Amino acid sequence: MNGKRVLVTGGSGFIGQYLMAELNLRGAVVIGTCIGSQTSDDLVPVTLFECDKLKALIEDFKPDWIVHLAAIALVTHGDIQQIYGVNVLGSENLFNAVLSAETKRPNMLLASTAGVYGNQEEKFLHEGLPYNPMNHYSYSKMIMEMLANRYRDELKIHIVRPFNIIGAGQAESFLVPKIVRHFFDKEPVLQLGNIDSVRDYVEAKRCAWMISELIFRDHKDPFTVNLCSGRGWTGHDVLDCLEEISGFRPKIEITNQFVRQNEVWRLVGDPSLLTKYLGGDPKLPDLKTILTAMYSAMK
């Protein structure tokens, strides 16, 4: 298995850095794309809109797999055109670059989102449920998945739907690291939106392990699979865990500024298919373990 060649779009991003590290541990030959200047030998500065450079990179590197992580991933990102531009048109550019490259066509794994499920009647969300996205980010990923179907006759495309990925190093523009920072700094007041919704939290490092495990296994047919733990936690659980970890609790103020319209009230995955593809239980850490690592990393 060693020597597998993997191209990771968004290799300098939050999950991308964990994935590249995991793949290197497994003996893969890995290159990631980044935006801006090159910061290491295994990163190449190229965007999803530099089509000729993308094609040339694929022809030069000859990947066995392309893991497509590059995206606008912040639900509250204010530039709607950019969300659809990067997540939809950028993905199409990648598909076309693979098709036009004069080399053996690689397997592709696309990172979608559990947000494509939205609100459902089922308690645990499985891959057979219909789309019901509730925000522009999730809509853009739904469209990316639908777009991928157009290319399935020519490309072998797999899809993972990560639930809430958190971990050390995540930008504080995301909710959980923002909360961890408040506890670490012992800020007296923490303003939040809805804290009653239920989420399935997955550690970023373990997410990278699952993606790596999936691409190091043989798959006769393309798959769509959740990356989830099957356990749900509320915002209250996050706050309670951090109080235990830090010995501190700020005053919590619920403010309309942070209350989302069209809230998804429960987003917890069914890991049955994931367990099947991984060949066993991925043994994902629980919320307190993840938050402890995030809190410790801030030191």
# chains A, B, ... in the order shown; residues from 1 in each chain; ligands from 1
call {"tool": "residues_around", "arguments": {"residues": "Asp237 (chain A)", "least_positions_apart": "5", "cutoff": "10 Å", "atoms": "only C-alpha atoms", "output": "VMD selection string"}}
result
chain A and resid 195 to 196 198 232 242 to 243 287 to 288
call {"tool": "write_last_selection", "arguments": {"atoms": "N, CA, C and O atoms", "output": "mmCIF file, in the first residue's frame"}}
result
data_model
loop_
_atom_site.group_PDB
_atom_site.id
_atom_site.type_symbol
_atom_site.label_atom_id
_atom_site.label_comp_id
_atom_site.auth_asym_id
_atom_site.auth_seq_id
_atom_site.Cartn_x
_atom_site.Cartn_y
_atom_site.Cartn_z
ATOM 1 N N ILE A 195 -28.202 27.375 22.013
ATOM 2 C CA ILE A 195 -27.327 26.347 22.584
ATOM 3 C C ILE A 195 -28.101 25.059 22.904
ATOM 4 O O ILE A 195 -27.593 24.167 23.572
ATOM 5 N N ASP A 196 -29.323 24.981 22.389
ATOM 6 C CA ASP A 196 -30.136 23.779 22.609
ATOM 7 C C ASP A 196 -30.004 22.765 21.467
ATOM 8 O O ASP A 196 -30.383 21.609 21.630
ATOM 9 N N VAL A 198 -28.494 20.058 18.834
ATOM 10 C CA VAL A 198 -27.668 18.874 19.111
ATOM 11 C C VAL A 198 -26.736 18.628 17.929
ATOM 12 O O VAL A 198 -27.172 18.642 16.773
ATOM 13 N N GLY A 232 -24.690 12.623 20.161
ATOM 14 C CA GLY A 232 -25.108 14.008 20.058
ATOM 15 C C GLY A 232 -24.859 14.791 21.332
ATOM 16 O O GLY A 232 -25.063 14.277 22.435
ATOM 17 N N LEU A 242 -16.315 22.346 29.362
ATOM 18 C CA LEU A 242 -15.263 23.352 29.496
ATOM 19 C C LEU A 242 -15.183 23.896 30.918
ATOM 20 O O LEU A 242 -14.099 24.261 31.391
ATOM 21 N N GLU A 243 -16.309 23.931 31.615
ATOM 22 C CA GLU A 243 -16.268 24.339 33.027
ATOM 23 C C GLU A 243 -15.481 23.309 33.840
ATOM 24 O O GLU A 243 -14.666 23.673 34.707
ATOM 25 N N LEU A 287 -16.642 14.134 23.423
ATOM 26 C CA LEU A 287 -16.558 15.592 23.386
ATOM 27 C C LEU A 287 -15.551 16.130 24.399
ATOM 28 O O LEU A 287 -14.730 17.000 24.064
ATOM 29 N N LYS A 288 -15.588 15.641 25.624
ATOM 30 C CA LYS A 288 -14.692 16.191 26.644
ATOM 31 C C LYS A 288 -13.228 15.954 26.287
ATOM 32 O O LYS A 288 -12.372 16.822 26.521
#
call {"tool": "residues_around", "arguments": {"residues": "Arg150 (chain A)", "least_positions_apart": "6", "cutoff": "12 Å", "atoms": "only C-alpha atoms", "output": "MDAnalysis selection string"}}
result
chainID A and resid 92 95:96 143:144 156:157
call {"tool": "write_last_selection", "arguments": {"atoms": "C-alpha atoms", "output": "mmCIF file, in the first residue's frame"}}
result
data_model
loop_
_atom_site.group_PDB
_atom_site.id
_atom_site.type_symbol
_atom_site.label_atom_id
_atom_site.label_comp_id
_atom_site.auth_asym_id
_atom_site.auth_seq_id
_atom_site.Cartn_x
_atom_site.Cartn_y
_atom_site.Cartn_z
ATOM 1 C CA GLU A 92 -16.300 21.721 -11.570
ATOM 2 C CA PHE A 95 -13.374 17.720 -12.445
ATOM 3 C CA ASN A 96 -12.523 19.209 -15.834
ATOM 4 C CA ILE A 143 -24.969 21.186 -5.641
ATOM 5 C CA MET A 144 -21.368 19.911 -5.657
ATOM 6 C CA LYS A 156 -14.698 7.377 -9.956
ATOM 7 C CA ILE A 157 -15.971 9.854 -7.357
#
call {"tool": "atom_distance", "arguments": {"atom1": "CA of Asn119 (chain A)", "atom2": "CA of Val86 (chain A)"}}
result
25.0 Å
call {"tool": "residues_around", "arguments": {"residues": "region 246-250 of chain A", "least_positions_apart": "5", "cutoff": "8 Å", "atoms": "only C-alpha atoms", "output": "ChimeraX atom specification"}}
result
/A:182-184,186-190,239
call {"tool": "atom_distance", "arguments": {"atom1": "CA of Ser40 (chain A)", "atom2": "CA of Gln82 (chain A)"}}
result
26.7 Å
call {"tool": "closest_residue", "arguments": {"among": "A:Gly167, A:Pro106, A:Gly16, A:Gly235", "to": "Pro63 (chain A)", "atoms": "only C-alpha atoms"}}
result
A:Pro106
call {"tool": "residues_around", "arguments": {"residues": "Arg26 (chain A)", "least_positions_apart": "4", "cutoff": "12 Å", "atoms": "only C-alpha atoms", "output": "tab-separated table (two decimals) with N, CA and C atoms, in the first residue's frame"}}
result
chain	number	residue	atom	x	y	z
A	1	MET	N	0.81	-1.20	0.00
A	1	MET	CA	0.00	0.00	0.00
A	1	MET	C	0.85	1.26	0.00
A	2	ASN	N	2.06	1.18	0.57
A	2	ASN	CA	2.90	2.36	0.66
A	2	ASN	C	3.24	2.87	-0.73
A	3	GLY	N	3.47	4.19	-0.81
A	3	GLY	CA	3.79	4.79	-2.09
A	3	GLY	C	2.59	5.31	-2.84
A	4	LYS	N	1.39	5.19	-2.27
A	4	LYS	CA	0.20	5.75	-2.89
A	4	LYS	C	0.38	7.25	-3.03
A	5	ARG	N	0.02	7.77	-4.20
A	5	ARG	CA	0.21	9.19	-4.48
A	5	ARG	C	-1.13	9.91	-4.30
A	6	VAL	N	-1.13	10.92	-3.41
A	6	VAL	CA	-2.38	11.59	-3.05
A	6	VAL	C	-2.21	13.10	-3.19
A	19	LEU	N	-4.75	15.74	7.52
A	19	LEU	CA	-4.80	14.66	6.54
A	19	LEU	C	-3.42	14.41	5.93
A	20	MET	N	-2.73	15.48	5.57
A	20	MET	CA	-1.41	15.29	4.96
A	20	MET	C	-0.45	14.63	5.94
A	21	ALA	N	-0.53	15.00	7.21
A	21	ALA	CA	0.32	14.38	8.23
A	21	ALA	C	0.01	12.88	8.36
A	22	GLU	N	-1.28	12.54	8.38
A	22	GLU	CA	-1.69	11.14	8.50
A	22	GLU	C	-1.24	10.34	7.28
A	30	VAL	N	2.58	12.69	-0.86
A	30	VAL	CA	1.48	13.64	-0.72
A	30	VAL	C	1.89	15.03	-1.17
A	208	ALA	N	-9.16	12.87	9.79
A	208	ALA	CA	-8.08	12.61	8.83
A	208	ALA	C	-7.74	11.13	8.78
A	209	TRP	N	-7.77	10.47	9.94
A	209	TRP	CA	-7.51	9.03	9.97
A	209	TRP	C	-8.57	8.28	9.17
A	212	SER	N	-8.10	8.78	5.43
A	212	SER	CA	-6.94	8.00	4.99
A	212	SER	C	-7.27	6.52	4.92
A	213	GLU	N	-7.96	6.02	5.94
A	213	GLU	CA	-8.33	4.62	5.96
A	213	GLU	C	-9.23	4.27	4.78
A	215	ILE	N	-9.33	5.73	1.79
A	215	ILE	CA	-8.65	5.72	0.49
A	215	ILE	C	-7.55	4.66	0.42
A	216	PHE	N	-7.17	4.09	1.55
A	216	PHE	CA	-6.20	3.00	1.52
A	216	PHE	C	-6.87	1.64	1.38
call {"tool": "select_by_dssp", "arguments": {"residues": "region 183-253 of chain A", "states": "strand (DSSP E)", "output": "PyMOL selection string"}}
result
chain A and resi 189-192+198-199+201-203+224-227+233-234+251-253
call {"tool": "write_last_selection", "arguments": {"atoms": "C-alpha atoms", "output": "compact mmCIF listing (two decimals), in the first residue's frame"}}
result
# COMPACT_ATOMS: atom_id res chain seq x y z
CA VAL A 189 -19.27 37.25 29.42
CA LEU A 190 -19.84 34.88 26.48
CA GLN A 191 -22.47 35.81 23.90
CA LEU A 192 -24.00 32.89 22.03
CA VAL A 198 -27.67 18.87 19.11
CA ARG A 199 -24.47 18.19 17.18
CA TYR A 201 -18.67 16.32 17.10
CA VAL A 202 -15.75 14.56 15.42
CA GLU A 203 -12.09 15.26 16.17
CA THR A 224 -21.17 8.20 -0.08
CA VAL A 225 -20.57 7.88 3.65
CA ASN A 226 -20.98 9.89 6.86
CA LEU A 227 -17.98 10.80 8.99
CA TRP A 233 -24.15 16.91 22.31
CA THR A 234 -25.82 20.28 22.94
CA LYS A 251 -21.89 34.49 32.20
CA ILE A 252 -23.77 33.24 29.13
CA GLU A 253 -25.84 35.77 27.20
call {"tool": "residues_around", "arguments": {"residues": "Ala71 (chain A)", "least_positions_apart": "3", "cutoff": "12 Å", "atoms": "only C-alpha atoms", "output": "ChimeraX atom specification"}}
result
/A:8-16,33-35,47-48,67-68,74-75,77,82-91,110-113,137-138,140-141,144
call {"tool": "residues_around", "arguments": {"residues": "Lys62 (chain A)", "least_positions_apart": "3", "cutoff": "10 Å", "atoms": "only C-alpha atoms", "output": "count of residues only"}}
result
15
call {"tool": "residues_around", "arguments": {"residues": "Ile290 (chain A)", "least_positions_apart": "3", "cutoff": "12 Å", "atoms": "only C-alpha atoms", "output": "compact mmCIF listing (two decimals) with all heavy atoms, in the first residue's frame"}}
result
# COMPACT_ATOMS: atom_id res chain seq x y z
N ILE A 165 -16.68 18.92 12.58
CA ILE A 165 -15.27 18.62 12.80
C ILE A 165 -14.66 19.73 13.65
O ILE A 165 -14.73 20.90 13.30
CB ILE A 165 -14.51 18.50 11.47
CG1 ILE A 165 -15.22 17.52 10.52
CG2 ILE A 165 -13.07 18.07 11.72
CD1 ILE A 165 -15.35 16.12 11.04
N ILE A 166 -14.08 19.36 14.78
CA ILE A 166 -13.44 20.32 15.66
C ILE A 166 -12.09 19.77 16.10
O ILE A 166 -11.82 18.57 15.99
CB ILE A 166 -14.29 20.64 16.90
CG1 ILE A 166 -14.58 19.38 17.73
CG2 ILE A 166 -15.60 21.32 16.50
CD1 ILE A 166 -15.29 19.64 19.05
N GLY A 167 -11.22 20.65 16.60
CA GLY A 167 -9.93 20.19 17.09
C GLY A 167 -8.96 21.33 17.26
O GLY A 167 -9.24 22.48 16.91
N ALA A 168 -7.79 21.00 17.80
CA ALA A 168 -6.74 21.99 18.02
C ALA A 168 -6.32 22.60 16.68
O ALA A 168 -6.15 21.89 15.70
CB ALA A 168 -5.55 21.34 18.71
N GLY A 169 -6.16 23.92 16.67
CA GLY A 169 -5.73 24.61 15.47
C GLY A 169 -6.86 25.16 14.62
O GLY A 169 -6.59 25.83 13.62
N VAL A 176 -17.05 26.46 18.23
CA VAL A 176 -16.46 25.76 19.37
C VAL A 176 -15.10 26.33 19.76
O VAL A 176 -14.86 26.60 20.94
CB VAL A 176 -16.41 24.24 19.11
CG1 VAL A 176 -15.64 23.53 20.23
CG2 VAL A 176 -17.83 23.67 19.02
N PRO A 177 -14.17 26.56 18.81
CA PRO A 177 -12.90 27.18 19.24
C PRO A 177 -13.08 28.58 19.82
O PRO A 177 -12.33 28.99 20.70
CB PRO A 177 -12.06 27.21 17.96
CG PRO A 177 -12.96 26.87 16.84
CD PRO A 177 -14.12 26.13 17.40
N VAL A 180 -14.01 27.85 23.39
CA VAL A 180 -12.82 27.40 24.13
C VAL A 180 -11.93 28.59 24.47
O VAL A 180 -11.41 28.70 25.59
CB VAL A 180 -12.04 26.34 23.32
CG1 VAL A 180 -10.74 25.96 24.03
CG2 VAL A 180 -12.88 25.09 23.09
N TYR A 201 -20.01 15.75 17.21
CA TYR A 201 -18.67 16.32 17.10
C TYR A 201 -17.63 15.24 16.82
O TYR A 201 -17.59 14.20 17.50
CB TYR A 201 -18.30 17.08 18.37
CG TYR A 201 -19.10 18.35 18.55
CD1 TYR A 201 -20.08 18.45 19.54
CD2 TYR A 201 -18.89 19.45 17.72
CE1 TYR A 201 -20.82 19.61 19.70
CE2 TYR A 201 -19.62 20.62 17.88
CZ TYR A 201 -20.59 20.69 18.87
OH TYR A 201 -21.33 21.84 19.01
N VAL A 202 -16.78 15.51 15.83
CA VAL A 202 -15.75 14.56 15.42
C VAL A 202 -14.40 15.28 15.46
O VAL A 202 -14.26 16.39 14.95
CB VAL A 202 -16.02 14.04 13.99
CG1 VAL A 202 -14.89 13.12 13.53
CG2 VAL A 202 -17.36 13.31 13.93
N GLU A 203 -13.42 14.66 16.07
CA GLU A 203 -12.09 15.26 16.17
C GLU A 203 -11.41 15.32 14.80
O GLU A 203 -11.45 14.34 14.03
CB GLU A 203 -11.22 14.45 17.13
CG GLU A 203 -9.85 15.04 17.37
CD GLU A 203 -8.94 14.08 18.10
OE1 GLU A 203 -9.02 12.85 17.84
OE2 GLU A 203 -8.14 14.54 18.92
N ALA A 204 -10.77 16.43 14.49
CA ALA A 204 -10.16 16.63 13.17
C ALA A 204 -9.08 15.57 12.87
O ALA A 204 -8.99 15.06 11.75
CB ALA A 204 -9.56 18.03 13.08
N LYS A 205 -8.27 15.26 13.87
CA LYS A 205 -7.21 14.27 13.65
C LYS A 205 -7.80 12.91 13.31
O LYS A 205 -7.29 12.20 12.44
CB LYS A 205 -6.32 14.17 14.90
CG LYS A 205 -5.11 13.27 14.72
CD LYS A 205 -4.21 13.33 15.95
CE LYS A 205 -2.97 12.45 15.75
NZ LYS A 205 -2.09 12.49 16.94
N ARG A 206 -8.88 12.56 13.99
CA ARG A 206 -9.53 11.28 13.72
C ARG A 206 -10.29 11.31 12.40
O ARG A 206 -10.41 10.28 11.72
CB ARG A 206 -10.47 10.93 14.87
CG ARG A 206 -10.72 9.44 15.05
CD ARG A 206 -9.46 8.68 15.36
NE ARG A 206 -9.73 7.25 15.46
CZ ARG A 206 -8.81 6.32 15.30
NH1 ARG A 206 -7.56 6.66 15.04
NH2 ARG A 206 -9.12 5.04 15.42
N VAL A 238 -21.19 21.37 25.79
CA VAL A 238 -19.90 22.01 25.51
C VAL A 238 -19.50 22.91 26.69
O VAL A 238 -18.36 22.86 27.18
CB VAL A 238 -19.96 22.83 24.21
CG1 VAL A 238 -18.66 23.63 24.01
CG2 VAL A 238 -20.21 21.92 23.00
N CYS A 241 -18.61 20.81 29.86
CA CYS A 241 -17.30 20.16 29.73
C CYS A 241 -16.18 21.16 29.96
O CYS A 241 -15.21 20.88 30.68
CB CYS A 241 -17.15 19.52 28.35
SG CYS A 241 -18.05 17.99 28.10
N LEU A 242 -16.31 22.35 29.36
CA LEU A 242 -15.26 23.35 29.50
C LEU A 242 -15.18 23.90 30.92
O LEU A 242 -14.10 24.26 31.39
CB LEU A 242 -15.49 24.48 28.49
CG LEU A 242 -15.08 24.12 27.06
CD1 LEU A 242 -15.60 25.15 26.06
CD2 LEU A 242 -13.56 23.99 26.92
N ILE A 245 -13.12 21.36 32.69
CA ILE A 245 -11.73 21.42 32.24
C ILE A 245 -11.01 22.63 32.84
O ILE A 245 -9.86 22.53 33.28
CB ILE A 245 -11.67 21.46 30.69
CG1 ILE A 245 -12.16 20.13 30.11
CG2 ILE A 245 -10.24 21.76 30.22
CD1 ILE A 245 -12.50 20.20 28.63
N LEU A 284 -13.97 6.86 17.95
CA LEU A 284 -13.82 8.32 17.98
C LEU A 284 -13.86 8.83 19.42
O LEU A 284 -14.68 8.38 20.23
CB LEU A 284 -14.92 8.97 17.16
CG LEU A 284 -14.97 8.54 15.69
CD1 LEU A 284 -16.08 9.29 14.96
CD2 LEU A 284 -13.64 8.78 15.00
N PRO A 285 -13.01 9.79 19.77
CA PRO A 285 -13.01 10.33 21.13
C PRO A 285 -14.29 11.10 21.44
O PRO A 285 -14.93 11.64 20.53
CB PRO A 285 -11.79 11.26 21.14
CG PRO A 285 -11.54 11.60 19.71
CD PRO A 285 -11.98 10.40 18.91
N ASP A 286 -14.64 11.17 22.72
CA ASP A 286 -15.86 11.88 23.09
C ASP A 286 -15.59 13.38 23.18
O ASP A 286 -14.45 13.85 23.02
CB ASP A 286 -16.44 11.33 24.40
CG ASP A 286 -15.52 11.54 25.61
OD1 ASP A 286 -14.56 12.33 25.52
OD2 ASP A 286 -15.77 10.90 26.63
N LEU A 287 -16.64 14.13 23.42
CA LEU A 287 -16.56 15.59 23.39
C LEU A 287 -15.55 16.13 24.40
O LEU A 287 -14.73 17.00 24.06
CB LEU A 287 -17.94 16.19 23.65
CG LEU A 287 -18.01 17.72 23.70
CD1 LEU A 287 -17.61 18.34 22.38
CD2 LEU A 287 -19.41 18.18 24.11
N ALA A 293 -8.13 18.61 24.66
CA ALA A 293 -6.99 18.80 23.76
C ALA A 293 -6.99 20.21 23.17
O ALA A 293 -5.91 20.83 23.05
CB ALA A 293 -7.03 17.76 22.64
N MET A 294 -8.15 20.73 22.81
CA MET A 294 -8.23 22.08 22.27
C MET A 294 -7.83 23.11 23.32
O MET A 294 -7.10 24.06 23.02
CB MET A 294 -9.65 22.36 21.76
CG MET A 294 -10.06 21.53 20.57
SD MET A 294 -11.80 21.76 20.09
CE MET A 294 -11.75 23.44 19.42
N TYR A 295 -8.30 22.91 24.54
CA TYR A 295 -7.97 23.83 25.64
C TYR A 295 -6.46 23.80 25.93
O TYR A 295 -5.82 24.83 26.08
CB TYR A 295 -8.77 23.45 26.87
CG TYR A 295 -8.64 24.41 28.03
CD1 TYR A 295 -9.50 25.52 28.13
CD2 TYR A 295 -7.70 24.22 29.03
CE1 TYR A 295 -9.40 26.40 29.20
CE2 TYR A 295 -7.58 25.11 30.09
CZ TYR A 295 -8.43 26.20 30.18
OH TYR A 295 -8.32 27.07 31.23
N SER A 296 -5.90 22.59 25.98
CA SER A 296 -4.47 22.45 26.28
C SER A 296 -3.61 23.08 25.19
O SER A 296 -2.56 23.66 25.47
CB SER A 296 -4.09 20.98 26.44
OG SER A 296 -4.80 20.41 27.53
N ALA A 297 -4.07 22.97 23.93
CA ALA A 297 -3.29 23.53 22.81
C ALA A 297 -3.19 25.04 22.89
O ALA A 297 -2.25 25.64 22.35
CB ALA A 297 -3.93 23.11 21.49
call {"tool": "select_by_dssp", "arguments": {"residues": "region 19-138 of chain A", "states": "helix (DSSP H, G or I)", "output": "VMD selection string"}}
result
chain A and resid 19 to 25 51 to 61 80 to 100 114 to 116 136 to 138
call {"tool": "closest_residue", "arguments": {"among": "A:Cys228, A:Leu43, A:Ala73, A:Met298", "to": "Asn135 (chain A)", "atoms": "only C-alpha atoms"}}
result
A:Ala73
call {"tool": "atom_distance", "arguments": {"atom1": "CA of Leu125 (chain A)", "atom2": "CA of Lys283 (chain A)"}}
result
18.9 Å
call {"tool": "closest_residue", "arguments": {"among": "A:Leu214, A:Asp79, A:Asn256, A:Lys53", "to": "Leu278 (chain A)", "atoms": "only C-alpha atoms"}}
result
A:Leu214
